[in-house]
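Here is the structure we will look at, set down as C-alpha cells.
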Amino acid sequence: MAGMNNSETTLSDQVRILVVDDHPNTANTLARALAQLGPGVDVTAATSGRDALEKVQGKGVDILFTDMIMPEMTGLELIEKMQHHPGGRPSYNYLVTAYDVPGLKITAQRLKVTEVIVKPVRPERICQIASQAMQEMNQATPPKKKAAAKKKFRILVADDNPDNVTLLLRYLQFEGYDQVSAQDGAEALEKVRAELPDLVLLDVNMPKKDGFTVLQEIRTDPAVAHIPVIILTAARLEPSDVQSGFNMGADDYVTKPFDRYELMARIRSKLRVKEAEDVIRRRNRELSLLPEIGKELSARTDIKDLANVMLKRTVETFGAVQGTLVIPGTDNKPQQNYQVPWSSESSRAEIAIPDALIKQINETHQGLIIENDTPWLTNQKTAVRSTVVAPLFGRHELLGLLILAHEQDHYFNTDHLLLLQAIASQAAIAIENTNLYSKMAQEHERLVAVLTFVAEAILVFDGQGKLSLLNPAGEKLFADFKAHINHVLPAGQGYDEFINLLGKARSSQAAMSGEILWGDQRSFAALITPIDNGGQVVILHDVTRFKDTDQVKNEFIATASHDLKNPITSISGFSYLLGQAGPLNEQQQDFVTRIQGATETMAELVQNMMSLAQMDLNAKQKHEPVEMGKLLAEIANEFTPQAQLKKQTISFTPIPAMALVHGDPLQLHQLFRNLIGNAIKYTPEGGAILLKAEITAGQISIDVQDNGYGIPASDLPFIFNRFYRVRNSKTSDIEGNGLGLAIVKSISEKHGGQVRVESEPGKGTCFTLTLPVIQQTLSSGVIV
C-alpha cells in the first residue's frame, strides 16, 4: 500500500508510517505507540525534515505525522517535498503544531494536509487518528475533506443512564451541536482527552469514576483544563455538594430535573465565554511566536538569509499566498525584493511600490490593509485580492516593507496587521543589526588591509603599557627579539629611547610627537596618540633617508651661504665707494641706494639661512652664563634709534634681580633682534614696544609686546614655519623673508626654552620667551 496515491484502491499487507519531531524522545515514543497498531505497521522515526527524507529514500510512505517547527525545514516544507517523493506521496498528511495561528490551516489546505493537530496531543490520540486512516485505506476511500463551514461546537455528555444520554443528545442535535457520549467516568475522561470537546455535561454518580473525580482530573491536566464543565446531577443536591463542585472547578451546577431551555441558555453562555477565551489563547500563542521569530532573526547576519526566514514564518503564520520584503533603493544601490511563495503552484509577483504608498507610510509610520486596489502587486496564476503592508522603521529611516498577499477578498484584518507590525518591528532591529554587522565587517577588512600593507609601523598599547596590536611593518622593527602581544616592551634591548617617550606621553595624557633613534641606528618620527582606558596608538615613520638628505641640504645651504657672503659684501662696499669716486647725479644716486637696499636684504637672508643651517647641523655652540637683564638693556638701546625714526617708543622694565641663563650670547642677541625688529616693522608710526621680564619657579619669562597690526588667528599656527609670512593689505609693502621667527623658535628650543604668541588684529602682538635660569641674585645680593 505504501507509495500509492489516494485514488488507488489496491490493498497491501503493510502500512508505512513516518513520524517526524525534532525532539528524539517524542519521535521514538510516538513510533513505539504506533507500532502497537498491528504487525503490518512499519513505523519510521526521524528528528528533522532532512533526516526524514534520507530515511524514506527509495520507499514510499502512507501516513505522515510531522511537527511544524523543526530546524532547517518546517513541517509544511517537508509535506510539500513529500508530495514529489519518488516513492509516491503519502495518502494522509498530519501536521502537529503548538500554535493555532490564523492562516495556518488555510496554508495546510493548500498543501493538501489531511488535518492540523494542535498540541498538546497524547500518543493515544495519534494512534486513534492513524487507525482511522488505515480503516479508510482498507475501504479504498480517500480521506474526507473538511468542509469550509462555520465551526460547530462539540459537546460531551457523560452519564451512566442511557435515557438521560439519549434525551440530552437529542436536545443538543436540535441546537446544532456535535455530540459525543460516555457511559462511565473512565470513558468520559478518555474522550475528553481524545476528542477535546468544547464543553462537558458531567453526571456525578457514575461507575468506575464519579463525576467529581473526573472533574478533578480534567482541571489538573493542562491539555484539557480550559474546557468548561457543567455538573448535571439528580443525586448531589446539598449546598455543600454544590460548593464542592464549584471549588473543584465546575463552571456551572445544574440539578435534575432541569428546564431544557434554561440548560441550553447556560450552555450557550459558557460556549460564548469559551469562544472568547479561545481567541485570547490563540492570541497568546500568536504573541509567543514573536520571541521565537526574534530569536531566529537575531541569529542571522546575512540580509538574504534573514529575509528568507522571516518571510517563511510570516507566510506560514498568516496563511498568505505570498510574502515579500522590499528594501527601498538608494543613490548607490537599487531596490531589493525578497519573495517567498509557499507552494509550487505560486509564482513570484512583480513588485513596484507606488510612490504615494511610500509617502503615506513615511508620514503616518503605520501599516495598512489594502483590498482589491493593488495593480502594482500582480501574480501570474493567482489574483491578489487582499494585501497587508507593515513598515520596517529603523532609528532614522524606513528600512523596508513587509507585504503579505492573499487571493481571498477581505482576508486580512486588524489582528493580522497588529501581529505583522510586531514581527516587522523585530525584523527592523534584526536588519539594522545585519547592516551594522556588514559595515563592521567591511571596516574590519579595510583596517586589516591598512595595517597589513601600510609602510609605517603601527603599535597599540593598553593602559598598562602592554602591547595589544602590532602590524607586519612593526614586527620587522624588532629584529633582535620577538615582541609578544599582551607583554610590555623590555628595557635594555636598544629601544629605551622609545620606551621613555611612551612613558612621557602616558604621563602627560596628551598626544605627543618626537624623533627617536632605533637600536639599528635608524631614525623614526614617532606620533603617539592617547586612546580610551589609558591606551596609546603609536605610528613610527622611518625618516633615516630624509635625515640623510636633510644633512646634505643643510651642509649645502651652510656652504652656499658662506660663499655668498663675500660677493654680497663686495657689492655693498663698492656701492658706497661709488659716491667717493665722483659726484653722482640724481638718477645715479637712486640706483646706488637701491643696490645698497637689495644687498642689505640679501645679506640678511643669507645670514638667516646660514644660522638655521648651522642649528640643523647641531653646530658647536659657545654656551656660557648670560646675564639677561644686561642683554635686554643692550637690545633696547640698540633699537631705540630705529624706533625713533618711526616715532615709536621702546620701554624696558629692569629685572629686579640678576638672572643668569646658560646660553650662546650671539644667538640670544639674534633671537631678541628678530623679535624687536619685527615689532618695529609691524607697528605703525607712533606705536609703542614694551620689553619686560619676570622670574618665577627657576624660569625667566620675557615679553616683547607691541600695539601694531596684529596677526589673524588663522595665521597663528604657522608663523614659526620657515618662509611663512602673513599676507594682508597693511603688511604687503613690508620687506621680509619669513625666516626670523623660525630662527627664534629654533634658538629658544636649543636653549631648553619655548616661545609662544598671543595676538589680536588691530590691537597688537605679544611674544613670550621662557628660558631656564641657572642662578638669580636678588637686588639685596642674596643668591637663589
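Ligands are numbered from 1 in the order shown, chains are lettered A, B, ... in the order of the C-alpha cells, and residues start at 1 in each chain.
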
With DSSP run on the backbone, what are the helix (DSSP H, G or I) residues within segment 118-250 of chain A? I'd like them as number ranges by chain.
A: 123-138, 162-175, 185-195, 211-219, 239-248

10 Å contact set for segment 51-65 of chain A, only C-alpha atoms, chain neighbours under 6 positions out, as a PyMOL selection string:
chain A and resi 1-6+14-22+27+30+42-45+75+78-79+81-82+85-96+113-117+126+130+133-134+137

So that I can check the surroundings of Val165 of chain A, please list as a ChimeraX atom specification every protein, DNA and RNA residue that reaches within 12 Å of it, counting only C-alpha atoms and ignoring chain neighbours fewer than 6 positions away.
/A:155-159,171-172,179-184,201-203,232

Could the residues in this selection be saved with all heavy atoms as a compact mmCIF listing (two decimals), in the first residue's frame?
# COMPACT_ATOMS: atom_id res chain seq x y z
N ILE A 155 -19.97 18.82 22.03
CA ILE A 155 -20.28 18.71 23.46
C ILE A 155 -20.28 17.24 23.85
O ILE A 155 -20.89 16.40 23.18
CB ILE A 155 -21.64 19.36 23.77
CG1 ILE A 155 -21.60 20.86 23.44
CG2 ILE A 155 -22.01 19.15 25.25
CD1 ILE A 155 -22.91 21.58 23.67
N LEU A 156 -19.61 16.96 24.96
CA LEU A 156 -19.55 15.60 25.50
C LEU A 156 -20.60 15.45 26.61
O LEU A 156 -20.64 16.27 27.54
CB LEU A 156 -18.15 15.32 26.06
CG LEU A 156 -17.99 14.03 26.87
CD1 LEU A 156 -18.25 12.79 26.00
CD2 LEU A 156 -16.61 13.95 27.51
N VAL A 157 -21.42 14.41 26.48
CA VAL A 157 -22.41 14.08 27.50
C VAL A 157 -21.93 12.83 28.23
O VAL A 157 -21.79 11.76 27.62
CB VAL A 157 -23.81 13.84 26.89
CG1 VAL A 157 -24.80 13.42 27.98
CG2 VAL A 157 -24.30 15.08 26.17
N ALA A 158 -21.66 12.97 29.55
CA ALA A 158 -21.18 11.84 30.35
C ALA A 158 -22.25 11.50 31.39
O ALA A 158 -22.48 12.26 32.34
CB ALA A 158 -19.86 12.20 31.03
N ASP A 159 -22.91 10.34 31.18
CA ASP A 159 -23.98 9.93 32.10
C ASP A 159 -24.15 8.42 31.95
O ASP A 159 -24.14 7.89 30.83
CB ASP A 159 -25.28 10.66 31.75
CG ASP A 159 -26.29 10.63 32.89
OD1 ASP A 159 -26.55 9.52 33.42
OD2 ASP A 159 -26.80 11.71 33.26
N TYR A 171 -31.54 16.96 22.41
CA TYR A 171 -31.60 18.41 22.62
C TYR A 171 -30.41 19.11 21.93
O TYR A 171 -30.59 20.14 21.27
CB TYR A 171 -31.55 18.72 24.12
CG TYR A 171 -32.81 18.36 24.88
CD1 TYR A 171 -32.79 18.28 26.27
CD2 TYR A 171 -34.01 18.10 24.21
CE1 TYR A 171 -33.93 17.96 26.99
CE2 TYR A 171 -35.15 17.77 24.92
CZ TYR A 171 -35.11 17.70 26.31
OH TYR A 171 -36.24 17.38 27.00
N LEU A 172 -29.25 18.55 22.07
CA LEU A 172 -28.03 19.17 21.51
C LEU A 172 -28.06 19.14 19.99
O LEU A 172 -27.64 20.09 19.33
CB LEU A 172 -26.78 18.47 22.04
CG LEU A 172 -26.53 18.61 23.55
CD1 LEU A 172 -25.36 17.74 23.98
CD2 LEU A 172 -26.27 20.06 23.92
N GLN A 179 -22.19 15.97 18.95
CA GLN A 179 -22.31 15.32 20.25
C GLN A 179 -21.37 14.13 20.36
O GLN A 179 -21.12 13.42 19.39
CB GLN A 179 -23.74 14.84 20.50
CG GLN A 179 -24.82 15.81 20.03
CD GLN A 179 -25.37 15.43 18.66
OE1 GLN A 179 -25.54 14.25 18.35
NE2 GLN A 179 -25.63 16.42 17.83
N VAL A 180 -20.87 13.96 21.59
CA VAL A 180 -20.08 12.79 21.95
C VAL A 180 -20.62 12.32 23.29
O VAL A 180 -20.98 13.13 24.15
CB VAL A 180 -18.57 13.14 22.08
CG1 VAL A 180 -17.78 11.88 22.40
CG2 VAL A 180 -18.07 13.78 20.82
N SER A 181 -20.68 10.98 23.50
CA SER A 181 -21.24 10.47 24.75
C SER A 181 -20.28 9.51 25.42
O SER A 181 -19.41 8.91 24.78
CB SER A 181 -22.58 9.79 24.50
OG SER A 181 -22.40 8.64 23.67
N ALA A 182 -20.45 9.37 26.76
CA ALA A 182 -19.67 8.42 27.55
C ALA A 182 -20.59 7.83 28.62
O ALA A 182 -21.44 8.53 29.18
CB ALA A 182 -18.48 9.13 28.18
N GLN A 183 -20.37 6.51 28.95
CA GLN A 183 -21.26 5.81 29.86
C GLN A 183 -20.72 5.74 31.28
O GLN A 183 -21.47 5.41 32.20
CB GLN A 183 -21.49 4.36 29.35
CG GLN A 183 -22.07 4.30 27.95
CD GLN A 183 -23.45 4.91 27.85
OE1 GLN A 183 -24.26 4.79 28.79
NE2 GLN A 183 -23.75 5.58 26.74
N ASP A 184 -19.43 6.03 31.48
CA ASP A 184 -18.86 5.99 32.83
C ASP A 184 -17.75 7.04 32.94
O ASP A 184 -17.37 7.68 31.94
CB ASP A 184 -18.34 4.59 33.17
CG ASP A 184 -17.31 4.10 32.17
OD1 ASP A 184 -16.26 4.78 32.00
OD2 ASP A 184 -17.54 3.05 31.54
N LEU A 201 -20.98 18.02 29.67
CA LEU A 201 -22.11 17.87 30.59
C LEU A 201 -21.83 16.63 31.41
O LEU A 201 -21.84 15.50 30.89
CB LEU A 201 -23.43 17.74 29.83
CG LEU A 201 -23.87 18.97 29.02
CD1 LEU A 201 -25.14 18.66 28.25
CD2 LEU A 201 -24.10 20.17 29.94
N LEU A 202 -21.56 16.81 32.71
CA LEU A 202 -20.99 15.73 33.52
C LEU A 202 -21.93 15.33 34.66
O LEU A 202 -22.28 16.16 35.52
CB LEU A 202 -19.64 16.20 34.09
CG LEU A 202 -18.82 15.20 34.88
CD1 LEU A 202 -18.44 14.01 34.00
CD2 LEU A 202 -17.55 15.86 35.43
N ASP A 203 -22.34 14.05 34.64
CA ASP A 203 -23.11 13.50 35.75
C ASP A 203 -22.14 13.21 36.91
O ASP A 203 -20.92 13.05 36.69
CB ASP A 203 -23.82 12.21 35.31
CG ASP A 203 -24.80 11.72 36.36
OD1 ASP A 203 -25.21 12.53 37.20
OD2 ASP A 203 -25.14 10.52 36.31
N LEU A 232 -24.27 18.08 36.01
CA LEU A 232 -25.70 17.84 35.77
C LEU A 232 -26.07 16.60 36.57
O LEU A 232 -25.73 15.48 36.18
CB LEU A 232 -25.95 17.64 34.27
CG LEU A 232 -27.39 17.67 33.79
CD1 LEU A 232 -28.04 19.01 34.08
CD2 LEU A 232 -27.45 17.38 32.30

For atom CA of Glu124 of chain A and atom CA of Leu34 of chain A, quote the distance in Å rounded to one decimal.
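Separation between atom CA of Glu124 of chain A and atom CA of Leu34 of chain A: 8.9 Å.
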
Do you have the atom CA of Ala510 of chain A-atom CA of Met440 of chain A distance handy?
28.3 Å

Residue among A:Leu287, A:Leu311, A:Val200, A:Ala688 lying closest to Ile267 of chain A, counting only C-alpha atoms:
A:Val200

Excluding segment 689-697 of chain A and residues on its chain fewer than 4 positions from it, collect all residues at most 6 Å away from it, counting only C-alpha atoms, and give them as number ranges by chain.
A: 650-653, 701-706

Where in segment 629-722 of chain A does DSSP assign strand (DSSP E or B), given as a list in words?
Thr649, Ile650, Ser651, Phe652, Ala657, Met658, Ala659, Leu660, Val661, His662, Gly663, Ala688, Ile689, Leu690, Leu691, Lys692, Ala693, Glu694, Ile695, Thr696, Gln699, Ile700, Ser701, Ile702, Asp703, Val704, Gln705 and Asp706 of chain A

Applying 10 Å and only C-alpha atoms, which residues near Leu489 of chain A remain after dropping the ones on its own chain fewer than 2 positions away? List them as a PyMOL selection string.
chain A and resi 461+465-467+482-487+491-493+495-496+498-499

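In this structure, atom CA of Gln336 of chain A sits 23.5 Å away from atom CA of Thr317 of chain A.
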
Out of A:Leu584, A:Val224, A:Cys766, A:Leu263, which residue has the shortest atom-to-atom distance to Gly708 of chain A when counting only C-alpha atoms?
A:Cys766

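Close contacts of segment 415-425 of chain A, defined as residues with an atom at most 8 Å away when counting only C-alpha atoms, with chain neighbours fewer than 2 positions off set aside, comprise Glu286, Leu287, Leu290, Ile293, Gly294, Thr314, Phe318, Gly367, Leu368, Ile369, Val388, Val389, Ala390, Pro391, Leu392, Phe393, Leu402, Phe412, Asn413, Ala427, Ala428 and Ile429 of chain A.
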